[in-house]
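Q: my_file38.txt (compact mmCIF, C-alpha atoms) pasted underneath:
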# COMPACT_ATOMS: atom_id res chain seq x y z
CA MET A 1 88.80 -17.16 94.17
CA ASP A 2 86.46 -17.67 97.05
CA LYS A 3 88.41 -17.93 100.29
CA LEU A 4 86.55 -21.04 101.35
CA LYS A 5 87.18 -22.85 98.07
CA GLN A 6 90.83 -21.98 98.35
CA LEU A 7 91.01 -23.54 101.80
CA GLU A 8 89.20 -26.66 100.66
CA LYS A 9 91.81 -27.06 97.96
CA GLU A 10 94.50 -26.99 100.58
CA TRP A 11 92.85 -29.35 103.05
CA ALA A 12 91.47 -31.87 100.61
CA PRO A 13 93.59 -31.92 97.45
CA LEU A 14 91.68 -33.36 94.54
CA LYS A 15 92.58 -36.86 93.51
CA ALA A 16 93.43 -37.59 89.93
CA MET A 17 90.25 -38.74 88.25
CA PRO A 18 89.41 -39.20 84.59
CA ASP A 19 87.31 -36.52 83.00
CA PHE A 20 83.70 -37.64 82.66
CA LYS A 21 80.29 -36.04 82.49
CA ALA A 22 76.61 -36.85 82.44
CA GLY A 23 75.77 -39.60 80.00
CA ASP A 24 79.07 -41.41 80.34
CA THR A 25 79.16 -44.96 81.61
CA ILE A 26 81.73 -45.39 84.35
CA THR A 27 82.90 -47.98 86.84
CA VAL A 28 83.63 -46.77 90.34
CA HIS A 29 85.89 -49.01 92.39
CA TYR A 30 85.15 -48.20 96.00
CA LYS A 31 86.41 -49.56 99.27
CA ILE A 32 84.10 -51.27 101.71
CA VAL A 33 85.13 -51.66 105.33
CA GLU A 34 83.80 -54.77 107.05
CA GLY A 35 84.95 -54.88 110.64
CA ASN A 36 88.64 -54.28 110.14
CA LYS A 37 88.86 -55.82 106.70
CA GLU A 38 88.79 -53.75 103.57
CA ARG A 39 87.73 -54.87 100.14
CA ILE A 40 86.97 -53.24 96.85
CA GLN A 41 83.61 -53.32 95.14
CA GLN A 42 82.60 -52.01 91.77
CA PHE A 43 79.64 -49.93 90.78
CA GLN A 44 79.03 -49.59 87.08
CA GLY A 45 76.41 -47.27 85.67
CA VAL A 46 75.56 -44.06 83.88
CA VAL A 47 76.56 -40.72 85.34
CA ILE A 48 73.34 -38.74 85.62
CA GLN A 49 74.72 -35.60 87.21
CA ARG A 50 77.82 -33.85 88.44
CA LYS A 51 77.17 -31.41 91.23
CA GLY A 52 79.10 -28.77 93.16
CA SER A 53 82.65 -27.59 92.76
CA GLY A 54 86.04 -28.19 94.28
CA SER A 55 86.47 -30.85 96.94
CA THR A 56 82.81 -30.86 97.95
CA ALA A 57 81.63 -31.82 94.46
CA THR A 58 79.69 -35.06 93.94
CA PHE A 59 78.55 -37.21 91.08
CA THR A 60 75.58 -39.53 90.82
CA VAL A 61 75.78 -42.90 89.12
CA ARG A 62 72.66 -44.82 88.14
CA LYS A 63 72.45 -48.46 87.22
CA MET A 64 69.70 -51.01 86.78
CA SER A 65 69.94 -53.83 89.24
CA GLY A 66 67.60 -56.36 87.73
CA ASN A 67 64.38 -54.41 87.44
CA VAL A 68 65.18 -51.79 90.03
CA GLY A 69 67.08 -48.59 89.44
CA VAL A 70 69.91 -47.97 91.91
CA GLU A 71 71.57 -44.60 92.29
CA ARG A 72 74.68 -43.84 94.28
CA ILE A 73 76.10 -40.45 95.05
CA PHE A 74 79.89 -40.32 95.35
CA PRO A 75 81.77 -37.29 96.70
CA VAL A 76 84.75 -36.71 94.40
CA SER A 77 87.16 -36.38 97.31
CA SER A 78 85.88 -39.49 99.11
CA PRO A 79 88.73 -41.54 100.60
CA PHE A 80 86.70 -44.65 99.79
CA ILE A 81 87.01 -44.23 96.03
CA ASP A 82 89.87 -46.35 94.79
CA GLN A 83 89.60 -45.86 91.06
CA VAL A 84 87.23 -44.60 88.38
CA ASP A 85 87.16 -46.06 84.87
CA VAL A 86 85.32 -44.49 81.96
CA ASN A 87 83.77 -47.25 79.88
CA LYS A 88 81.73 -45.31 77.37
CA ARG A 89 81.23 -41.70 76.38
CA GLY A 90 77.55 -40.93 76.01
CA ASP A 91 76.07 -38.37 73.65
CA VAL A 92 73.49 -36.42 75.66
CA ARG A 93 72.15 -32.92 75.34
CA ARG A 94 71.87 -31.94 78.98
CA ALA A 95 74.08 -31.83 82.04
CA ARG A 96 71.56 -33.63 84.26
CA ILE A 97 69.85 -36.53 82.59
CA PHE A 98 67.14 -37.23 85.14
CA TYR A 99 64.75 -38.20 82.34
CA LEU A 100 66.55 -41.52 82.40
CA ARG A 101 64.67 -42.38 85.58
CA GLU A 102 61.34 -42.57 83.79
CA ARG A 103 62.70 -44.74 81.02
CA ARG A 104 63.08 -48.49 80.78
CA GLY A 105 64.59 -50.80 78.24
CA LYS A 106 65.13 -49.52 74.72
CA SER A 107 64.24 -45.91 75.42
CA ALA A 108 66.75 -45.77 78.27
CA ARG A 109 69.67 -46.25 75.90
CA ILE A 110 72.23 -43.53 75.38
CA THR A 111 73.96 -43.28 72.05
CA GLU A 112 77.72 -43.40 72.19
CA LYS A 113 79.58 -40.24 71.31
CA ARG A 114 81.16 -40.34 67.87
CA GLN A 115 84.90 -40.06 68.02
CA ASN A 116 86.60 -37.31 66.09
CA VAL A 117 87.74 -39.24 63.00
CA ALA A 118 90.16 -36.57 61.84
CA ALA A 119 91.89 -36.49 65.21
CA THR A 120 92.35 -40.23 65.37
CA ALA A 121 93.70 -40.36 61.81
CA GLN A 122 96.57 -38.06 62.55
CA MET B 1 86.16 -18.01 130.71
CA SER B 2 88.81 -17.54 128.06
CA GLY B 3 87.81 -16.94 124.50
CA LEU B 4 88.38 -15.14 121.26
CA ILE B 5 86.46 -13.02 118.82
CA GLY B 6 86.18 -14.47 115.34
CA LYS B 7 84.59 -14.02 111.96
CA LYS B 8 82.53 -16.66 110.24
CA ILE B 9 83.98 -17.49 106.83
CA GLY B 10 81.52 -20.19 105.85
CA MET B 11 80.75 -23.88 105.90
CA THR B 12 82.31 -26.79 104.09
CA SER B 13 82.68 -30.52 104.60
CA LEU B 14 85.79 -32.44 105.54
CA TYR B 15 86.62 -36.07 106.19
CA ASP B 16 87.39 -37.10 109.75
CA THR B 17 89.82 -39.85 110.70
CA ASP B 18 87.16 -42.55 110.20
CA GLY B 19 86.53 -41.35 106.67
CA GLN B 20 83.17 -39.88 107.62
CA LEU B 21 82.17 -36.70 105.82
CA VAL B 22 81.51 -34.03 108.43
CA GLY B 23 79.90 -30.61 108.02
CA CYS B 24 82.27 -27.98 109.36
CA THR B 25 82.30 -24.24 109.96
CA VAL B 26 85.43 -22.26 109.18
CA LEU B 27 86.13 -19.28 111.43
CA GLU B 28 88.80 -16.67 111.25
CA ALA B 29 89.68 -16.45 114.94
CA GLY B 30 91.90 -13.64 116.02
CA PRO B 31 94.56 -12.55 116.49
CA CYS B 32 92.72 -10.43 119.03
CA VAL B 33 94.33 -7.41 120.66
CA VAL B 34 93.98 -6.72 124.37
CA THR B 35 92.54 -3.21 124.46
CA GLN B 36 91.81 -2.84 128.16
CA VAL B 37 92.30 -4.68 131.43
CA ARG B 38 89.60 -4.23 134.06
CA THR B 39 90.80 -4.39 137.63
CA LYS B 40 89.06 -4.87 140.95
CA GLU B 41 90.42 -1.58 142.31
CA LYS B 42 89.41 0.57 139.38
CA ASP B 43 86.37 -1.09 137.86
CA GLY B 44 85.07 -3.34 140.64
CA TYR B 45 85.60 -6.53 138.61
CA GLU B 46 88.36 -8.28 136.73
CA ALA B 47 88.28 -8.86 132.99
CA VAL B 48 90.26 -8.39 129.82
CA GLN B 49 88.83 -6.64 126.80
CA LEU B 50 89.74 -8.15 123.45
CA ALA B 51 89.11 -6.58 120.06
CA PHE B 52 89.12 -7.99 116.54
CA GLY B 53 88.48 -6.93 112.95
CA GLU B 54 89.87 -3.85 111.24
CA ARG B 55 87.62 -0.83 111.03
CA GLY B 56 88.92 2.01 108.89
CA GLU B 57 89.87 5.30 110.51
CA LYS B 58 87.22 6.97 108.40
CA ASN B 59 84.46 4.80 109.81
CA SER B 60 85.46 5.14 113.45
CA THR B 61 84.31 7.69 115.96
CA LYS B 62 86.78 9.90 117.74
CA ALA B 63 85.99 8.14 121.00
CA ALA B 64 86.73 4.73 119.50
CA LYS B 65 89.97 5.95 117.96
CA GLY B 66 91.09 7.27 121.33
CA HIS B 67 90.19 4.06 123.10
CA TYR B 68 92.12 1.87 120.67
CA ALA B 69 95.04 4.29 120.46
CA LYS B 70 95.45 3.92 124.21
CA ALA B 71 96.21 0.23 123.69
CA GLY B 72 98.51 1.12 120.81
CA THR B 73 96.33 -0.32 118.07
CA THR B 74 94.00 0.69 115.25
CA PRO B 75 90.18 0.89 115.54
CA LYS B 76 88.44 -2.49 115.60
CA VAL B 77 85.00 -3.75 114.63
CA LYS B 78 84.17 -5.76 117.70
CA ALA B 79 85.32 -5.65 121.31
CA HIS B 80 84.32 -8.02 124.08
CA GLU B 81 85.24 -8.52 127.71
CA PHE B 82 86.29 -11.90 129.02
CA LYS B 83 86.24 -12.61 132.74
CA GLU B 84 88.73 -14.98 134.33
CA PHE B 85 91.01 -15.22 131.31
CA GLU B 86 93.52 -18.04 131.70
CA GLN B 87 96.53 -15.92 130.75
CA GLU B 88 97.85 -12.80 132.44
CA LEU B 89 97.47 -10.07 129.81
CA LYS B 90 98.22 -6.40 129.48
CA PRO B 91 96.97 -3.86 126.89
CA GLY B 92 98.62 -4.29 123.51
CA ASP B 93 99.12 -8.05 123.86
CA THR B 94 97.67 -10.33 121.21
CA VAL B 95 95.85 -13.63 121.64
CA GLY B 96 95.70 -16.08 118.74
CA VAL B 97 94.02 -19.34 117.77
CA ASP B 98 96.66 -21.34 119.63
CA LEU B 99 94.36 -20.81 122.60
CA PHE B 100 92.36 -23.76 121.27
CA GLU B 101 93.42 -27.35 120.85
CA GLU B 102 92.34 -29.79 118.19
CA GLY B 103 89.86 -32.27 119.61
CA SER B 104 88.61 -30.01 122.41
CA PHE B 105 85.13 -28.56 122.60
CA VAL B 106 84.15 -24.91 122.35
CA THR B 107 81.03 -22.77 122.65
CA VAL B 108 80.15 -20.15 120.08
CA THR B 109 77.91 -17.10 120.56
CA GLY B 110 76.67 -15.02 117.68
CA ASN B 111 73.79 -13.14 116.14
CA SER B 112 71.57 -15.45 114.12
CA LYS B 113 70.38 -14.72 110.60
CA GLY B 114 67.16 -12.72 110.45
CA LYS B 115 64.21 -14.90 109.40
CA GLY B 116 61.56 -12.17 109.12
CA PHE B 117 57.97 -12.53 110.31
CA GLN B 118 57.36 -16.19 111.01
CA GLY B 119 54.43 -18.23 112.28
CA VAL B 120 54.35 -20.14 115.56
CA VAL B 121 55.38 -23.47 114.03
CA LYS B 122 58.72 -22.15 112.85
CA ARG B 123 59.21 -19.55 115.58
CA HIS B 124 58.28 -21.52 118.68
CA GLY B 125 58.17 -25.11 117.51
CA PHE B 126 54.38 -25.49 117.82
CA SER B 127 53.13 -28.66 116.22
CA GLY B 128 50.22 -27.09 114.34
CA VAL B 129 47.03 -29.04 113.81
CA ASP B 130 48.58 -32.08 112.13
CA GLU B 131 45.49 -33.20 110.27
CA THR B 132 43.50 -31.91 107.35
CA THR B 133 40.45 -34.09 107.88
CA HIS B 134 38.02 -34.54 110.84
CA GLY B 135 36.61 -31.03 110.41
CA GLN B 136 39.98 -29.31 110.04
CA HIS B 137 40.80 -27.10 107.12
CA ASP B 138 42.89 -24.00 106.55
CA ARG B 139 44.64 -24.38 109.91
CA VAL B 140 47.48 -26.85 109.54
CA ARG B 141 50.00 -24.36 110.97
CA ALA B 142 47.62 -22.46 113.27
CA PRO B 143 48.53 -21.71 116.91
CA GLY B 144 45.19 -22.87 118.41
CA SER B 145 43.55 -21.29 121.42
CA LEU B 146 45.08 -18.23 123.06
CA GLY B 147 43.56 -18.99 126.46
CA GLY B 148 40.34 -19.02 128.49
CA SER B 149 37.07 -17.22 127.85
CA SER B 150 35.21 -15.14 130.44
CA TYR B 151 37.95 -15.98 132.90
CA PRO B 152 40.59 -14.52 132.61
CA ALA B 153 38.91 -12.58 129.78
CA ARG B 154 42.29 -11.52 128.43
CA VAL B 155 45.35 -12.97 126.78
CA PHE B 156 48.26 -13.49 129.15
CA LYS B 157 51.36 -11.42 128.63
CA GLY B 158 54.21 -13.20 126.95
CA LEU B 159 52.00 -15.73 125.15
CA ARG B 160 53.97 -17.12 122.24
CA MET B 161 52.67 -15.88 118.94
CA ALA B 162 53.84 -15.22 115.41
CA GLY B 163 56.40 -12.47 114.90
CA ARG B 164 59.95 -11.63 114.03
CA LYS B 165 62.35 -14.54 114.24
CA GLY B 166 66.12 -14.53 114.14
CA GLY B 167 68.56 -11.65 114.27
CA GLU B 168 69.11 -12.24 117.99
CA GLN B 169 71.86 -13.74 120.04
CA TYR B 170 72.18 -17.50 120.05
CA THR B 171 74.76 -19.75 121.64
CA THR B 172 75.80 -23.16 120.36
CA GLU B 173 77.60 -25.37 122.86
CA ASN B 174 80.00 -28.29 122.53
CA LEU B 175 81.36 -27.79 119.04
CA LYS B 176 84.34 -30.01 118.42
CA VAL B 177 87.51 -28.35 117.17
CA VAL B 178 88.44 -30.21 113.99
CA LYS B 179 91.39 -28.13 112.88
CA VAL B 180 93.51 -25.23 114.11
CA ASP B 181 95.61 -23.32 111.61
CA LYS B 182 97.97 -21.01 113.46
CA ASP B 183 99.52 -19.45 110.37
CA LYS B 184 96.20 -18.41 108.86
CA ASN B 185 94.41 -17.90 112.20
CA LEU B 186 91.72 -20.37 111.24
CA LEU B 187 89.52 -22.51 113.41
CA VAL B 188 87.45 -25.32 111.95
CA LEU B 189 84.55 -26.55 114.05
CA ARG B 190 82.27 -29.51 113.58
CA GLY B 191 78.71 -28.36 113.04
CA ALA B 192 77.00 -25.03 112.53
CA VAL B 193 77.54 -21.69 114.19
CA PRO B 194 74.93 -18.91 114.54
CA GLY B 195 75.06 -16.07 112.02
CA ALA B 196 75.73 -15.30 108.41
CA LYS B 197 79.02 -15.46 106.57
CA GLY B 198 81.20 -12.55 107.60
CA SER B 199 79.44 -12.01 110.92
CA MET B 200 81.35 -11.69 114.17
CA VAL B 201 81.14 -14.45 116.76
CA ILE B 202 82.58 -15.06 120.19
CA ILE B 203 84.33 -18.39 120.71
CA TRP B 204 84.46 -19.57 124.32
CA LYS B 205 86.97 -22.09 125.45
Let me see whether you can do it: turn the structure in this file into structure tokens.
A:
Amino acid sequence: MDKLKQLEKEWAPLKAMPDFKAGDTITVHYKIVEGNKERIQQFQGVVIQRKGSGSTATFTVRKMSGNVGVERIFPVSSPFIDQVDVNKRGDVRRARIFYLRERRGKSARITEKRQNVAATAQ
Amino acid sequence: MSGLIGKKIGMTSLYDTDGQLVGCTVLEAGPCVVTQVRTKEKDGYEAVQLAFGERGEKNSTKAAKGHYAKAGTTPKVKAHEFKEFEQELKPGDTVGVDLFEEGSFVTVTGNSKGKGFQGVVKRHGFSGVDETTHGQHDRVRAPGSLGGSSYPARVFKGLRMAGRKGGEQYTTENLKVVKVDKDKNLLVLRGAVPGAKGSMVIIWK
């Protein structure tokens, strides 16, 4: 392994985070520091890309706030991330779904991934 | 000034105590071997020569082998003299990263990456023409006039023009020491350091 990546692993151990990828709808609970008070806010949206590797990796979450698209980039090792919940698994064909930016309303929907019926039956 | 010779490993980002993400350079600093001590009586000045980085026997000249053998060590890639070193050293001693403290500031000297033939905007920070209208075209990044006309009827020596950029010695001052790893001989600095990954740098205290 790359020496640098190995060091990053040591200095910034990865936090436990659910497995998610582009197209999934997630809720990120992140800490906000106001003066010396800390509170937790949520950001729910669609993951449009996962970028990088190791502790310097990031993911981008997009949501529609009223009529305006809002995107937030979270580093995976950010100390401000409290918790990540996966709400929905999306069925998309690419790893970076930037085409979502040009879409509004009905065409901006992502179909939910079909669960493996055989696996759930067992 | 005391210092060490190091090797640039690369850049990464780490969180500081405030939770801010900070771009950092990781250097492998030392342990450096003292290969020679210059004295006033013998050399006319006082300094210690440090060396770092293994160079195989096969790739070393006879002269280099002899020089390093004198200090009881193997041939090295880079040697540098430091004047007014804070410790009293003799040939064969080693100096490690514990020379530096976390939170202090250091200066790093190294050879920058070669940028090839570059225009005046990139090479010397000229502003270019800035506009594409009012009679200007094809000259957004042009250098402008090179000087007078019939007087002095020549271009002055040293006028800044396009040419080779990079591949020369640069020094970056006041880099904060973020982390010192004595076991692995690593030094993590806030900010960038001249040179490519794997290139040798000199770290001044």
Q: Between CA of Thr56 in chain A and CA of Ile5 in chain B, what is the spacing in Å?
A: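 Between CA of Ile5 in chain B and CA of Thr56 in chain A the gap works out to 27.7 Å.
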Q: Quick one: distance from CA of Met1 in chain B to CA of Val77 in chain B in Å, one decimal?
A: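 Pair CA of Met1 in chain B / CA of Val77 in chain B returns 21.5 Å.
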Q: One decimal, in Å: what's the spacing between CA of Leu50 in chain B and CA of Leu4 in chain A?
A: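 If I compute the distance from CA of Leu50 in chain B to CA of Leu4 in chain A, I get 25.8 Å.
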Q: Per residue of chain A within 8 Å of chain B, record the nearest atom pair and its distance in Å to one decimal, counting all atoms listed in the file, with rows in chain order and ascending residue number, as JSON lines.
A:
{"residue": "A:Lys3", "atom": "CA", "partner": "B:Ile9", "partner_atom": "CA", "distance": 7.9}
{"residue": "A:Leu4", "atom": "CA", "partner": "B:Gly10", "partner_atom": "CA", "distance": 6.8}
{"residue": "A:Glu8", "atom": "CA", "partner": "B:Thr12", "partner_atom": "CA", "distance": 7.7}
{"residue": "A:Ala12", "atom": "CA", "partner": "B:Leu14", "partner_atom": "CA", "distance": 7.5}
{"residue": "A:Thr56", "atom": "CA", "partner": "B:Ser13", "partner_atom": "CA", "distance": 6.7}
{"residue": "A:Ser78", "atom": "CA", "partner": "B:Gly19", "partner_atom": "CA", "distance": 7.8}
{"residue": "A:Pro79", "atom": "CA", "partner": "B:Gly19", "partner_atom": "CA", "distance": 6.5}
{"residue": "A:Phe80", "atom": "CA", "partner": "B:Gly19", "partner_atom": "CA", "distance": 7.6}
Q: Can you work out which one of A:Asn67, A:Phe43, A:Gly35, A:Val84 has the shortest atom-to-atom distance to Ala16 in chain A, counting all atoms listed in the file?
A: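 Comparing A:Asn67, A:Phe43, A:Gly35, A:Val84 against Ala16 in chain A, the winner is A:Val84.
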Q: Rank B:Ala162, B:Leu189, B:Lys157, B:Thr61 by their smallest atom-to-atom distance to Glu101 in chain B, using all atoms listed in the file, and report the top residue only.
A: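 Ranked by minimum distance to Glu101 in chain B, first place goes to B:Leu189.
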Q: Between B:Leu187, B:Val155, B:Ala29, B:Leu146, which residue has the minimum interatomic distance to Val201 in chain B, considering only C-alpha atoms?
A: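 Once distances to Val201 in chain B are computed over only C-alpha atoms, the minimum belongs to B:Ala29.
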Q: Residues near range 109-112 of chain A, anyone? I mean within 9 Å using all atoms listed in the file, not counting same-chain ones fewer than 5 positions away, as JSON, numbers by chain.
A: {"A": [23, 24, 88, 89, 90, 91, 92, 100, 103, 104]}
Q: Next, dump the selected residues to file, keeping only C-alpha atoms, as a compact mmCIF listing (two decimals), in the coordinates of the input.
A:
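In the end it all went to again.txt:
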# COMPACT_ATOMS: atom_id res chain seq x y z
CA GLY A 23 75.77 -39.60 80.00
CA ASP A 24 79.07 -41.41 80.34
CA LYS A 88 81.73 -45.31 77.37
CA ARG A 89 81.23 -41.70 76.38
CA GLY A 90 77.55 -40.93 76.01
CA ASP A 91 76.07 -38.37 73.65
CA VAL A 92 73.49 -36.42 75.66
CA LEU A 100 66.55 -41.52 82.40
CA ARG A 103 62.70 -44.74 81.02
CA ARG A 104 63.08 -48.49 80.78
Q: I want to know what sits within 9 Å of range 89-91 of chain B, based on all atoms listed in the file, with residues of the same chain fewer than 2 positions away left out; could you give that as a PDB file with C-alpha atoms, in the frame of the given file?
A:
ATOM      1  CA  VAL B  33      94.330  -7.410 120.660  1.00  0.00           C
ATOM      2  CA  VAL B  34      93.980  -6.720 124.370  1.00  0.00           C
ATOM      3  CA  THR B  35      92.540  -3.210 124.460  1.00  0.00           C
ATOM      4  CA  GLN B  36      91.810  -2.840 128.160  1.00  0.00           C
ATOM      5  CA  VAL B  37      92.300  -4.680 131.430  1.00  0.00           C
ATOM      6  CA  VAL B  48      90.260  -8.390 129.820  1.00  0.00           C
ATOM      7  CA  GLN B  49      88.830  -6.640 126.800  1.00  0.00           C
ATOM      8  CA  LYS B  70      95.450   3.920 124.210  1.00  0.00           C
ATOM      9  CA  ALA B  71      96.210   0.230 123.690  1.00  0.00           C
ATOM     10  CA  GLY B  72      98.510   1.120 120.810  1.00  0.00           C
ATOM     11  CA  PHE B  85      91.010 -15.220 131.310  1.00  0.00           C
ATOM     12  CA  GLN B  87      96.530 -15.920 130.750  1.00  0.00           C
ATOM     13  CA  ASP B  93      99.120  -8.050 123.860  1.00  0.00           C
ATOM     14  CA  THR B  94      97.670 -10.330 121.210  1.00  0.00           C
TER      15      THR B  94
END
Q: Smallest atom-to-atom distance to Leu7 in chain A: which of B:Trp204, B:Arg139, B:Leu159, B:Thr25, using all atoms listed in the file?
A: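 For Leu7 in chain A, the nearest of the candidates is B:Thr25.
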Q: Would you list the contacts of Gly119 in chain B as a PyMOL selection string, taking every protein, DNA or RNA residue within 9 Å and counting only C-alpha atoms, but skipping same-chain residues closer than 3 positions in sequence?
A: chain B and resi 122-124+141-143+161-165
Q: Give me the residues near Asp85 in chain A as a PyMOL selection string, where near means some atom within 9 Å (using all atoms listed in the file) and where sequence neighbours in that chain fewer than 2 positions away do not count.
A: chain A and resi 17-18+25-29+83+87
Q: Keeping only C-alpha atoms, take the residues you just selected and write them out as a CSV table (one decimal), in the coordinates of the input.
A:
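Written output follows (part_28.csv):
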chain,number,residue,atom,x,y,z
A,17,MET,CA,90.2,-38.7,88.2
A,18,PRO,CA,89.4,-39.2,84.6
A,25,THR,CA,79.2,-45.0,81.6
A,26,ILE,CA,81.7,-45.4,84.4
A,27,THR,CA,82.9,-48.0,86.8
A,28,VAL,CA,83.6,-46.8,90.3
A,29,HIS,CA,85.9,-49.0,92.4
A,83,GLN,CA,89.6,-45.9,91.1
A,87,ASN,CA,83.8,-47.2,79.9
Q: So that I can check the surroundings of range 183-185 of chain B, please list as a ChimeraX atom specification every protein, DNA and RNA residue that reaches within 6 Å of it, counting only C-alpha atoms and ignoring chain neighbours fewer than 2 positions away.
A: /B:28-29,97,181
